[in-house]
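Chemist: Here you go, one structure.
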4 protein chains.
Amino acid sequence: MEPTAVLLIDCPDRPGLVARVASLLYEHGANILHADQHQDHELGLFFMRVEWAVKAGTAGTSEQGSKGPAEASSGTAIFALAPFERDFARLAEELQMHWTLVSTARRPRVALFCSQYLHCMADLLERWHTGELKCDIPLVVSNHRAVEKLAAFYGVPFEHTPVDPADRAAAEALQLELLSAHGIDLVVLARYMQILSPAFVARYPAAIINVHHSFLPAFVGARPYHAAHARGVKLIGATSHYVTDVLDDGPIIEQDVARISHRDQVEDLVARGRDLERIVLSRAVRWHLDRRILSYGNKTVVFD
Amino acid sequence: MEPTAVLLIDCPDRPGLVARVASLLYEHGANILHADQHQDHELGLFFMRVEWAVKAGTAGTSEQGSKGPAEASSGTAIFALAPFERDFARLAEELQMHWTLVSTARRPRVALFCSQYLHCMADLLERWHTGELKCDIPLVVSNHRAVEKLAAFYGVPFEHTPVDPADRAAAEALQLELLSAHGIDLVVLARYMQILSPAFVARYPAAIINVHHSFLPAFVGARPYHAAHARGVKLIGATSHYVTDVLDDGPIIEQDVARISHRDQVEDLVARGRDLERIVLSRAVRWHLDRRILSYGNKTVVFD
Amino acid sequence: MEPTAVLLIDCPDRPGLVARVASLLYEHGANILHADQHQDHELGLFFMRVEWAVKAGTAGTSEQGSKGPAEASSGTAIFALAPFERDFARLAEELQMHWTLVSTARRPRVALFCSQYLHCMADLLERWHTGELKCDIPLVVSNHRAVEKLAAFYGVPFEHTPVDPADRAAAEALQLELLSAHGIDLVVLARYMQILSPAFVARYPAAIINVHHSFLPAFVGARPYHAAHARGVKLIGATSHYVTDVLDDGPIIEQDVARISHRDQVEDLVARGRDLERIVLSRAVRWHLDRRILSYGNKTVVFD
Amino acid sequence: MEPTAVLLIDCPDRPGLVARVASLLYEHGANILHADQHQDHELGLFFMRVEWAVKAGTAGTSEQGSKGPAEASSGTAIFALAPFERDFARLAEELQMHWTLVSTARRPRVALFCSQYLHCMADLLERWHTGELKCDIPLVVSNHRAVEKLAAFYGVPFEHTPVDPADRAAAEALQLELLSAHGIDLVVLARYMQILSPAFVARYPAAIINVHHSFLPAFVGARPYHAAHARGVKLIGATSHYVTDVLDDGPIIEQDVARISHRDQVEDLVARGRDLERIVLSRAVRWHLDRRILSYGNKTVVFD
């Protein structure tokens, strides 16, 4: 697959936004592959995602480039990202836009965290290995050693960061150092059973994805399958969300459910739930990597 | 369809229960059509549902009958319910069973309650009209007059029981009188937006079915679609349950969900939710009428 | 709700389409409420749906109007549809677009067809009655009289068009006359068990919606629930689609499924299926009325 | 978990079957954990599954044992399987039963087959590794070498059986030899892209499970995702089934579907489908291992 550029925008809604953005892209010769927008009429907000083709070698966002579409030696137009970015920045300032512009030629760098349960970790690593998750994974982190062999099998360096209940800050300090050293863009909590401090969370806003093993907001907190069993629900669920300061309260990215019956004991719920957890977490990670998610307030826009 | 008998049992679990019940049925010549059992190993409880064929004319539970299978004039065995019931009562006492034995020849009598929203009411009446719900419906009750014409179309007497906020007991007194006068077995709250008093609920234990327009236990109480929208969930749900003293807390009978997206406003959730409400409420009523549900503690066993 | 205008476009894909359309709308002062587009990269096709606010009184597409946004007496901009349509027609011709432009102020006129089974008919009429389906329904047609009372209850004229197997053309001739006399835009086959002739279908291209009681393309033709039962599938389905000359082969609009088990007999499948049929047919009709569907070749684009 | 015994029965339906089986179990002192039965009224067949506790050391079916419940040293009753089996065999002969009696103390031996796509293989091995699949896996077989490292990671011997199109019998001969040498009870085709000969299939009746990447009977044969895309369906599916002589036509064990839209290209269907394939195949294998499946004619009973 050839590289593409993705532009994500959110800003106050006003007439003409689509026309202005689409026209600028057209002037720069963009061959738009996907475009999607959304308006939150209540809050007066506008969201947009545009994806268009660039050619290998033009993928960076910092190189020099002449304005307008260039001609590749193969006769295919090359899209010059840098001059577009320059022009777009002016437009964005005028229209009070928050925006990000990335090229898929630069693969996001992801760190995976887990504790003892490895089903989500094994699933993510296998999806990454087969190319479904378009990212680099330079780091697996755990407060246990259970994941060590699995990480080794997939050739990912493992870092053991045991958590001393008397000094939780020490483990986090080590983890933050590792994330920084590896240039991590996204942290995925693949059933990592420790609560991150607000200071940690603040370092990665909308860049830490967690999976909670219930249909939020039902059964917040510990042992949700036990709570679901006690309440006698007929469906169990799982939820992936961005982590914020408040436990299990961040913007929801994806949820799914499975039907259970009176025959299912807690251990059956746990087993059924593993499939849900794998599905909702892997979708959230893929969508984040594909730059399909915009989070605002406590919600997400997920462009399909 | 020829009438059948349904026996529902719950009791302390112990070895030999299935053998004892099945043997007694066999001795009485029952031709078993369906049998299902369940054990709650945690609580040490046993649940069983057996359904077998009886012939028209033997369906009552009070008439005289000689012990053992009789021969109908057509040559088909007639099952004599009365002597079986007598023998079974002795077995049940020995084994500390709670039990009910009903013949489908006697149709349960159902009262439907609603307020202004009529989608569940229209759905239930249409299902009843086409024979999907095997019951009599001698009574539609509402604190509004919106349902009057619909009830008339289906030929069901309508009773208007306006609720005076200053004297809620008056409306309930009238309703209880109506239920009693019509020999009602099951009350269905088809989006009835009034909270019933504990005294009312106590009169119909495990015989009042409500639909709540959320995936319980999430979004208990008023305006759940608004709450779901505010939380940014990706699935909405609906729940049917038996009514108990605690609001939205009774034994859950059925739940279902539908996928929503950031594009859906509260009014879209309300519209999507109507389909869920119809489905989960009509299933609960059908299962109750088919004697498929045993409720215990705060849970239900729903035999399929 | 205030009226809106909806523009649906399909055309050969080329750069700048979004920019050109969005800019024209902007020049005319459109306040865009929703916009969505899709490209079929294989076939090189572009699809777009835009919806924007107009004000009461400007909703028609034939009245005179000055070019550019006008000011309503309330101070709110009125969108003049006629001049926009004039300008857009020029653009559309240049870009080889197929397009339709409608105002929601003009309600589509729908005819409902059925045979003996009334569950879809009852469901559609109830949804229409409560405002979920934004259309006029001046006509219910059936080859049986079973629906007569139901139509009367909802105040819709009923026409009986019995089908003589020896002269099927006669019934169709009468039906086409009725459709024409009532200015029908959309025909909904709500379990109408007769096959329409190619000549009939040709009169309403992409304007006849049928529901088939299977998960197409599985179980084409008669008695799909029997076929599903015989095959031992674990899920049953229903499909709504536009009618074409080939039986059960038109562009699919919506499908849904329900889980069944070995316990379910054919009659259980039929009962479960009724819920699926209601859901997929009512969704298709609503989406069609909301102008969310573009059909091309044997597929549909359904904008959400 | 302590070992249990599972008895699976199918036979002509007649009155008293449950009573006879349950009474025999009771006489032998069985502590029944789960019991389920089903009748196919059309074909006059009866199916039953009973599971009860045995104690370690009594799990085999060939050892000596005194009739009746014995007392373990811990004071817990030990169930003597051998005498029960002897008595039950007599009953079964009288009632023309097909039956199998197994103890979970003996783990089934499973061989996994695959070609190049490894997602199902990775999923099954991980589920086996974490104890979700209660079996031994002494053998991974493939006509490619892609799976070799994965098998090694999980410590499972890999056998390469390349298929020469000019001599397919040679590969099958080698495979049958391997299956025999390893005492294999169940063959799982985890996206094995070769068609097995009738002779091979005949060696493992109802003991070869395949996953087909469509919602059967739709899209039989090769490239079902391409066919689904071409037909424009709105849901895609996957099916696990026992292999018979007719391609993609064996008794269906499990099916599941996922919603797609016009935005999804064939490669998106393939990616979505991988999740479905993992789910339906792993469920089928688990249910088979748990002895929950009875196949008859072209159908399955799956006891839950």
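FYI, nothing fancy with the structure tokens labels: chains A, B, ... in order, residues from 1 per chain, ligands from 1 as they appear.
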Write down as an NGL selection string the residues belonging to segment 109-140 of chain A that are assigned alpha helix (DSSP H) by DSSP computed on the backbone.

Modeler: :A and (119-129)

Chemist: Given the selection you just returned, output its residues as a file containing all heavy atoms, formatted as a compact mmCIF listing (two decimals), in the first residue's frame.

Modeler:
# COMPACT_ATOMS: atom_id res chain seq x y z
N HIS A 119 -4.29 -12.83 27.06
CA HIS A 119 -5.07 -13.04 25.83
C HIS A 119 -5.11 -11.80 24.94
O HIS A 119 -4.99 -11.91 23.73
CB HIS A 119 -6.49 -13.52 26.16
CG HIS A 119 -7.22 -12.65 27.12
ND1 HIS A 119 -6.97 -12.64 28.47
CD2 HIS A 119 -8.20 -11.73 26.92
CE1 HIS A 119 -7.77 -11.77 29.06
NE2 HIS A 119 -8.52 -11.21 28.14
N CYS A 120 -5.25 -10.62 25.52
CA CYS A 120 -5.25 -9.41 24.71
C CYS A 120 -3.87 -9.16 24.13
O CYS A 120 -3.72 -8.76 22.97
CB CYS A 120 -5.70 -8.21 25.53
SG CYS A 120 -7.49 -8.16 25.81
N MET A 121 -2.86 -9.37 24.91
CA MET A 121 -1.48 -9.18 24.45
C MET A 121 -1.17 -10.12 23.28
O MET A 121 -0.64 -9.69 22.26
CB MET A 121 -0.54 -9.46 25.64
CG MET A 121 0.92 -9.25 25.35
SD MET A 121 1.33 -7.55 24.86
CE MET A 121 1.54 -6.79 26.47
N ALA A 122 -1.51 -11.40 23.43
CA ALA A 122 -1.25 -12.37 22.36
C ALA A 122 -2.00 -11.98 21.10
O ALA A 122 -1.49 -12.08 19.98
CB ALA A 122 -1.65 -13.78 22.81
N ASP A 123 -3.21 -11.51 21.28
CA ASP A 123 -4.04 -11.12 20.14
C ASP A 123 -3.45 -9.92 19.42
O ASP A 123 -3.35 -9.89 18.19
CB ASP A 123 -5.45 -10.80 20.66
CG ASP A 123 -6.40 -10.44 19.56
OD1 ASP A 123 -6.73 -11.35 18.76
OD2 ASP A 123 -6.81 -9.28 19.47
N LEU A 124 -3.06 -8.90 20.18
CA LEU A 124 -2.50 -7.70 19.56
C LEU A 124 -1.20 -8.00 18.84
O LEU A 124 -0.95 -7.51 17.73
CB LEU A 124 -2.28 -6.61 20.62
CG LEU A 124 -3.54 -5.99 21.22
CD1 LEU A 124 -3.18 -5.09 22.40
CD2 LEU A 124 -4.31 -5.19 20.16
N LEU A 125 -0.35 -8.80 19.48
CA LEU A 125 0.95 -9.11 18.85
C LEU A 125 0.75 -9.91 17.56
O LEU A 125 1.44 -9.67 16.57
CB LEU A 125 1.85 -9.86 19.84
CG LEU A 125 2.41 -8.99 20.97
CD1 LEU A 125 3.06 -9.86 22.05
CD2 LEU A 125 3.42 -7.97 20.43
N GLU A 126 -0.21 -10.82 17.58
CA GLU A 126 -0.46 -11.61 16.36
C GLU A 126 -1.02 -10.71 15.26
O GLU A 126 -0.63 -10.83 14.09
CB GLU A 126 -1.42 -12.76 16.70
CG GLU A 126 -1.42 -13.88 15.68
CD GLU A 126 -2.55 -13.75 14.67
OE1 GLU A 126 -3.53 -13.05 14.94
OE2 GLU A 126 -2.42 -14.37 13.59
N ARG A 127 -1.91 -9.80 15.60
CA ARG A 127 -2.46 -8.88 14.59
C ARG A 127 -1.37 -7.96 14.04
O ARG A 127 -1.38 -7.58 12.87
CB ARG A 127 -3.58 -8.02 15.21
CG ARG A 127 -4.86 -8.80 15.49
CD ARG A 127 -5.88 -7.91 16.22
NE ARG A 127 -6.94 -8.71 16.79
CZ ARG A 127 -8.10 -9.00 16.17
NH1 ARG A 127 -8.33 -8.52 14.98
NH2 ARG A 127 -9.01 -9.73 16.75
N TRP A 128 -0.47 -7.57 14.92
CA TRP A 128 0.64 -6.71 14.49
C TRP A 128 1.57 -7.50 13.56
O TRP A 128 1.97 -7.01 12.50
CB TRP A 128 1.39 -6.24 15.74
CG TRP A 128 2.67 -5.53 15.46
CD1 TRP A 128 2.83 -4.31 14.86
CD2 TRP A 128 3.99 -6.01 15.76
NE1 TRP A 128 4.16 -4.00 14.79
CE2 TRP A 128 4.88 -5.01 15.34
CE3 TRP A 128 4.47 -7.16 16.38
CZ2 TRP A 128 6.27 -5.16 15.50
CZ3 TRP A 128 5.84 -7.30 16.53
CH2 TRP A 128 6.73 -6.31 16.09
N HIS A 129 1.85 -8.72 13.94
CA HIS A 129 2.75 -9.59 13.18
C HIS A 129 2.23 -9.84 11.76
O HIS A 129 3.01 -9.91 10.80
CB HIS A 129 2.88 -10.92 13.94
CG HIS A 129 3.84 -11.88 13.34
ND1 HIS A 129 5.20 -11.67 13.28
CD2 HIS A 129 3.64 -13.09 12.74
CE1 HIS A 129 5.79 -12.69 12.70
NE2 HIS A 129 4.87 -13.56 12.34

Chemist: Please return, as a ChimeraX atom specification, all residues of chain D lying within 12 Å of chain A when only C-alpha atoms are considered.

Modeler: /D:1,33-36,116-133,146,149-154,256,258,260-264,267-268,270-272,274-276,278-280,282-283,286,303-304

Chemist: What parts of segment 65-241 of chain B does DSSP call strand (DSSP E)? I'd like the answer as a VMD selection string.

Modeler: chain B and resid 70 to 71 77 to 78 98 to 103 109 to 114 136 to 142 158 to 160 186 to 189 208 to 212 235 to 241

Chemist: Set the distance at 9 Å and use only C-alpha atoms: which residues neighbour His98 of chain A once local chain neighbours fewer than 6 positions away are removed? I'd like the list as a ChimeraX atom specification.

Modeler: /A:8-11,92

Chemist: Write out the residues from the selection above, keeping N, CA, C and O atoms, as a short mmCIF file (atom, residue, chain, number, x, y, z; two decimals), in the first residue's frame.

Modeler:
data_model
loop_
_atom_site.label_atom_id
_atom_site.label_comp_id
_atom_site.auth_asym_id
_atom_site.auth_seq_id
_atom_site.Cartn_x
_atom_site.Cartn_y
_atom_site.Cartn_z
N LEU A 8 -6.83 15.49 10.36
CA LEU A 8 -7.93 15.46 11.32
C LEU A 8 -8.16 16.87 11.84
O LEU A 8 -7.22 17.54 12.25
N ILE A 9 -9.40 17.30 11.82
CA ILE A 9 -9.74 18.67 12.21
C ILE A 9 -10.88 18.68 13.22
O ILE A 9 -11.84 17.94 13.05
N ASP A 10 -10.78 19.49 14.26
CA ASP A 10 -11.99 19.87 14.98
C ASP A 10 -11.96 21.36 15.27
O ASP A 10 -10.90 21.93 15.55
N CYS A 11 -13.12 21.98 15.15
CA CYS A 11 -13.18 23.43 15.30
C CYS A 11 -14.62 23.87 15.49
O CYS A 11 -15.53 23.07 15.31
N ALA A 92 -6.12 27.15 9.13
CA ALA A 92 -6.53 26.61 10.43
C ALA A 92 -6.53 27.70 11.49
O ALA A 92 -7.41 27.73 12.37
#

Chemist: Please list as a ChimeraX atom specification every residue within 9 Å of segment 287-302 of chain A, counting only C-alpha atoms and excluding residues in the same chain fewer than 3 positions away.

Modeler: /A:6-10,38,47-49,102,104,107-108,133-135,186,206-207,242,249-254,282-284 /B:230-233,261-263

Chemist: May I have the residues from that selection written out with N, CA, C and O atoms, as a tab-separated table (two decimals), in the first residue's frame?

Modeler:
chain	number	residue	atom	x	y	z
A	6	VAL	N	-3.23	11.88	6.28
A	6	VAL	CA	-4.52	12.00	6.96
A	6	VAL	C	-4.55	13.32	7.72
A	6	VAL	O	-3.63	13.62	8.47
A	7	LEU	N	-5.60	14.07	7.48
A	7	LEU	CA	-5.80	15.33	8.17
A	7	LEU	C	-7.03	15.20	9.08
A	7	LEU	O	-8.10	14.81	8.61
A	8	LEU	N	-6.83	15.49	10.36
A	8	LEU	CA	-7.93	15.46	11.32
A	8	LEU	C	-8.16	16.87	11.84
A	8	LEU	O	-7.22	17.54	12.25
A	9	ILE	N	-9.40	17.30	11.82
A	9	ILE	CA	-9.74	18.67	12.21
A	9	ILE	C	-10.88	18.68	13.22
A	9	ILE	O	-11.84	17.94	13.05
A	10	ASP	N	-10.78	19.49	14.26
A	10	ASP	CA	-11.99	19.87	14.98
A	10	ASP	C	-11.96	21.36	15.27
A	10	ASP	O	-10.90	21.93	15.55
A	38	HIS	N	-18.34	15.50	10.54
A	38	HIS	CA	-19.42	15.35	11.51
A	38	HIS	C	-19.61	16.67	12.21
A	38	HIS	O	-18.65	17.42	12.43
A	47	PHE	N	-16.16	18.41	12.91
A	47	PHE	CA	-15.06	17.44	12.88
A	47	PHE	C	-14.88	16.96	11.45
A	47	PHE	O	-15.86	16.74	10.74
A	48	MET	N	-13.64	16.76	11.05
A	48	MET	CA	-13.41	16.30	9.69
A	48	MET	C	-12.18	15.40	9.65
A	48	MET	O	-11.22	15.59	10.39
A	49	ARG	N	-12.25	14.43	8.77
A	49	ARG	CA	-11.11	13.56	8.49
A	49	ARG	C	-11.01	13.44	6.97
A	49	ARG	O	-11.99	13.13	6.31
A	102	VAL	N	-0.79	13.85	9.43
A	102	VAL	CA	0.25	12.82	9.50
A	102	VAL	C	0.30	12.07	8.18
A	102	VAL	O	-0.67	12.02	7.43
A	104	THR	N	1.03	8.28	6.61
A	104	THR	CA	1.10	6.89	7.04
A	104	THR	C	2.47	6.29	6.80
A	104	THR	O	2.75	5.17	7.24
A	107	ARG	N	5.27	5.30	10.81
A	107	ARG	CA	4.47	4.38	11.61
A	107	ARG	C	4.48	4.81	13.07
A	107	ARG	O	5.52	5.04	13.64
A	108	PRO	N	3.30	4.89	13.69
A	108	PRO	CA	3.24	5.23	15.11
A	108	PRO	C	3.99	4.18	15.94
A	108	PRO	O	4.08	3.02	15.55
A	133	LEU	N	-2.19	-4.40	12.28
A	133	LEU	CA	-1.93	-3.16	13.02
A	133	LEU	C	-0.70	-2.48	12.45
A	133	LEU	O	0.41	-3.01	12.54
A	134	LYS	N	-0.90	-1.33	11.85
A	134	LYS	CA	0.19	-0.65	11.15
A	134	LYS	C	0.93	0.26	12.10
A	134	LYS	O	0.64	1.45	12.19
A	135	CYS	N	1.89	-0.31	12.81
A	135	CYS	CA	2.64	0.45	13.80
A	135	CYS	C	3.94	-0.28	14.08
A	135	CYS	O	4.14	-1.41	13.64
A	186	LEU	N	1.73	5.88	21.53
A	186	LEU	CA	0.47	5.31	22.04
A	186	LEU	C	0.77	4.22	23.06
A	186	LEU	O	1.58	3.33	22.80
A	206	ALA	N	-5.30	11.39	25.50
A	206	ALA	CA	-5.94	10.68	24.38
A	206	ALA	C	-4.93	9.79	23.66
A	206	ALA	O	-4.99	9.61	22.45
A	207	ALA	N	-3.99	9.26	24.41
A	207	ALA	CA	-2.98	8.39	23.81
A	207	ALA	C	-2.70	7.18	24.70
A	207	ALA	O	-1.69	6.52	24.58
A	242	TYR	N	-10.27	5.73	26.05
A	242	TYR	CA	-9.08	6.48	26.42
A	242	TYR	C	-9.06	6.65	27.92
A	242	TYR	O	-10.12	6.83	28.55
A	249	ASP	N	-13.72	5.99	33.19
A	249	ASP	CA	-14.66	7.07	32.84
A	249	ASP	C	-14.25	7.83	31.58
A	249	ASP	O	-14.90	8.78	31.18
A	250	GLY	N	-13.17	7.44	30.94
A	250	GLY	CA	-12.70	8.18	29.77
A	250	GLY	C	-13.59	7.97	28.56
A	250	GLY	O	-14.51	7.16	28.57
A	251	PRO	N	-13.30	8.72	27.48
A	251	PRO	CA	-14.11	8.64	26.25
A	251	PRO	C	-14.14	7.21	25.71
A	251	PRO	O	-13.08	6.61	25.49
A	252	ILE	N	-15.32	6.69	25.50
A	252	ILE	CA	-15.50	5.33	25.02
A	252	ILE	C	-15.20	5.27	23.53
A	252	ILE	O	-15.68	6.09	22.75
A	253	ILE	N	-14.40	4.30	23.14
A	253	ILE	CA	-14.08	4.11	21.72
A	253	ILE	C	-14.93	3.01	21.11
A	253	ILE	O	-15.49	3.17	20.04
A	254	GLU	N	-15.04	1.89	21.80
A	254	GLU	CA	-15.79	0.77	21.23
A	254	GLU	C	-16.34	-0.10	22.35
A	254	GLU	O	-15.74	-0.21	23.43
A	282	SER	N	-8.68	-4.50	20.16
A	282	SER	CA	-7.97	-4.48	18.88
A	282	SER	C	-8.60	-3.49	17.91
A	282	SER	O	-7.91	-2.82	17.16
A	283	ARG	N	-9.93	-3.37	17.95
A	283	ARG	CA	-10.57	-2.37	17.09
A	283	ARG	C	-10.14	-0.96	17.47
A	283	ARG	O	-9.83	-0.13	16.62
A	284	ALA	N	-10.13	-0.69	18.77
A	284	ALA	CA	-9.76	0.65	19.22
A	284	ALA	C	-8.34	1.00	18.80
A	284	ALA	O	-8.07	2.10	18.32
B	230	ALA	N	-25.15	11.39	26.83
B	230	ALA	CA	-24.17	12.20	27.55
B	230	ALA	C	-22.89	11.42	27.84
B	230	ALA	O	-21.79	11.96	27.79
B	231	ARG	N	-23.03	10.12	28.11
B	231	ARG	CA	-21.86	9.31	28.43
B	231	ARG	C	-21.07	8.91	27.17
B	231	ARG	O	-19.94	8.46	27.25
B	232	GLY	N	-21.71	9.01	26.02
B	232	GLY	CA	-21.00	8.66	24.78
B	232	GLY	C	-20.84	7.17	24.58
B	232	GLY	O	-19.83	6.71	24.03
B	233	VAL	N	-21.82	6.36	24.99
B	233	VAL	CA	-21.73	4.92	24.78
B	233	VAL	C	-21.88	4.61	23.29
B	233	VAL	O	-22.40	5.41	22.52
B	261	SER	N	-23.76	5.45	16.86
B	261	SER	CA	-22.49	6.11	16.56
B	261	SER	C	-22.57	7.56	16.99
B	261	SER	O	-23.62	8.03	17.48
B	262	HIS	N	-21.46	8.26	16.80
B	262	HIS	CA	-21.41	9.68	17.16
B	262	HIS	C	-22.45	10.49	16.38
B	262	HIS	O	-22.78	11.60	16.75
B	263	ARG	N	-22.95	9.94	15.27
B	263	ARG	CA	-23.93	10.68	14.47
B	263	ARG	C	-25.31	10.71	15.12
B	263	ARG	O	-26.15	11.53	14.77

Chemist: Name the residues in contact with Ala19 of chain B at a cut-off of 6 Å, using only C-alpha atoms, excluding same-chain residues fewer than 2 positions from it; report them as a PyMOL selection string.

Modeler: (chain B and resi 16-17+21-23) or (chain D and resi 19+22-23)

Chemist: Those residues with N, CA and C atoms, as a CSV table (one decimal), in the first residue's frame please?

Modeler:
chain,number,residue,atom,x,y,z
B,16,GLY,N,-31.0,-37.6,42.5
B,16,GLY,CA,-32.2,-38.3,42.2
B,16,GLY,C,-33.4,-37.5,41.8
B,17,LEU,N,-33.3,-36.2,41.8
B,17,LEU,CA,-34.5,-35.4,41.5
B,17,LEU,C,-35.1,-35.7,40.2
B,21,VAL,N,-38.8,-37.4,39.4
B,21,VAL,CA,-39.9,-36.6,38.7
B,21,VAL,C,-40.2,-37.4,37.4
B,22,ALA,N,-39.1,-37.7,36.7
B,22,ALA,CA,-39.3,-38.4,35.4
B,22,ALA,C,-40.1,-39.7,35.5
B,23,SER,N,-39.7,-40.4,36.6
B,23,SER,CA,-40.4,-41.7,36.8
B,23,SER,C,-41.9,-41.6,37.1
D,19,ALA,N,-36.6,-41.1,32.4
D,19,ALA,CA,-36.8,-41.8,33.6
D,19,ALA,C,-35.8,-43.0,33.8
D,22,ALA,N,-32.1,-41.6,34.0
D,22,ALA,CA,-31.9,-40.9,35.3
D,22,ALA,C,-32.0,-41.9,36.5
D,23,SER,N,-32.9,-42.9,36.4
D,23,SER,CA,-33.0,-43.8,37.5
D,23,SER,C,-31.7,-44.7,37.6

Chemist: Got a sec: who's within 8 Å of Ile208 of chain C, counting only C-alpha atoms, leaving out chain neighbours fewer than 2 positions off, as a list in words?

Modeler: Leu186, Val187, Val188, Leu189, Val201, Tyr204, Pro205, Ala206, Asn210, Tyr242 and Val243 of chain C

Chemist: Set the distance at 6 Å and use only C-alpha atoms: which residues neighbour Ile137 of chain A once local chain neighbours fewer than 2 positions away are removed? I'd like the list as JSON, numbers by chain.

Modeler: {"A": [109, 110, 111, 139]}

Chemist: Mind giving me the straight-line distance from atom CA of Trp99 of chain B to atom CA of Thr4 of chain B in Å, one decimal?

Modeler: 16.6 Å

Chemist: Take atom CA of Pro198 of chain D and atom CA of Val220 of chain C and report the distance between them in Å, one decimal.

Modeler: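 Calculated distance between atom CA of Pro198 of chain D and atom CA of Val220 of chain C is 29.4 Å.
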
Chemist: Report the distance between atom CA of Arg14 of chain D and atom CA of Trp52 of chain D in Å, rounded to one decimal place.

Modeler: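 Atom CA of Trp52 of chain D lies 23.9 Å from atom CA of Arg14 of chain D.
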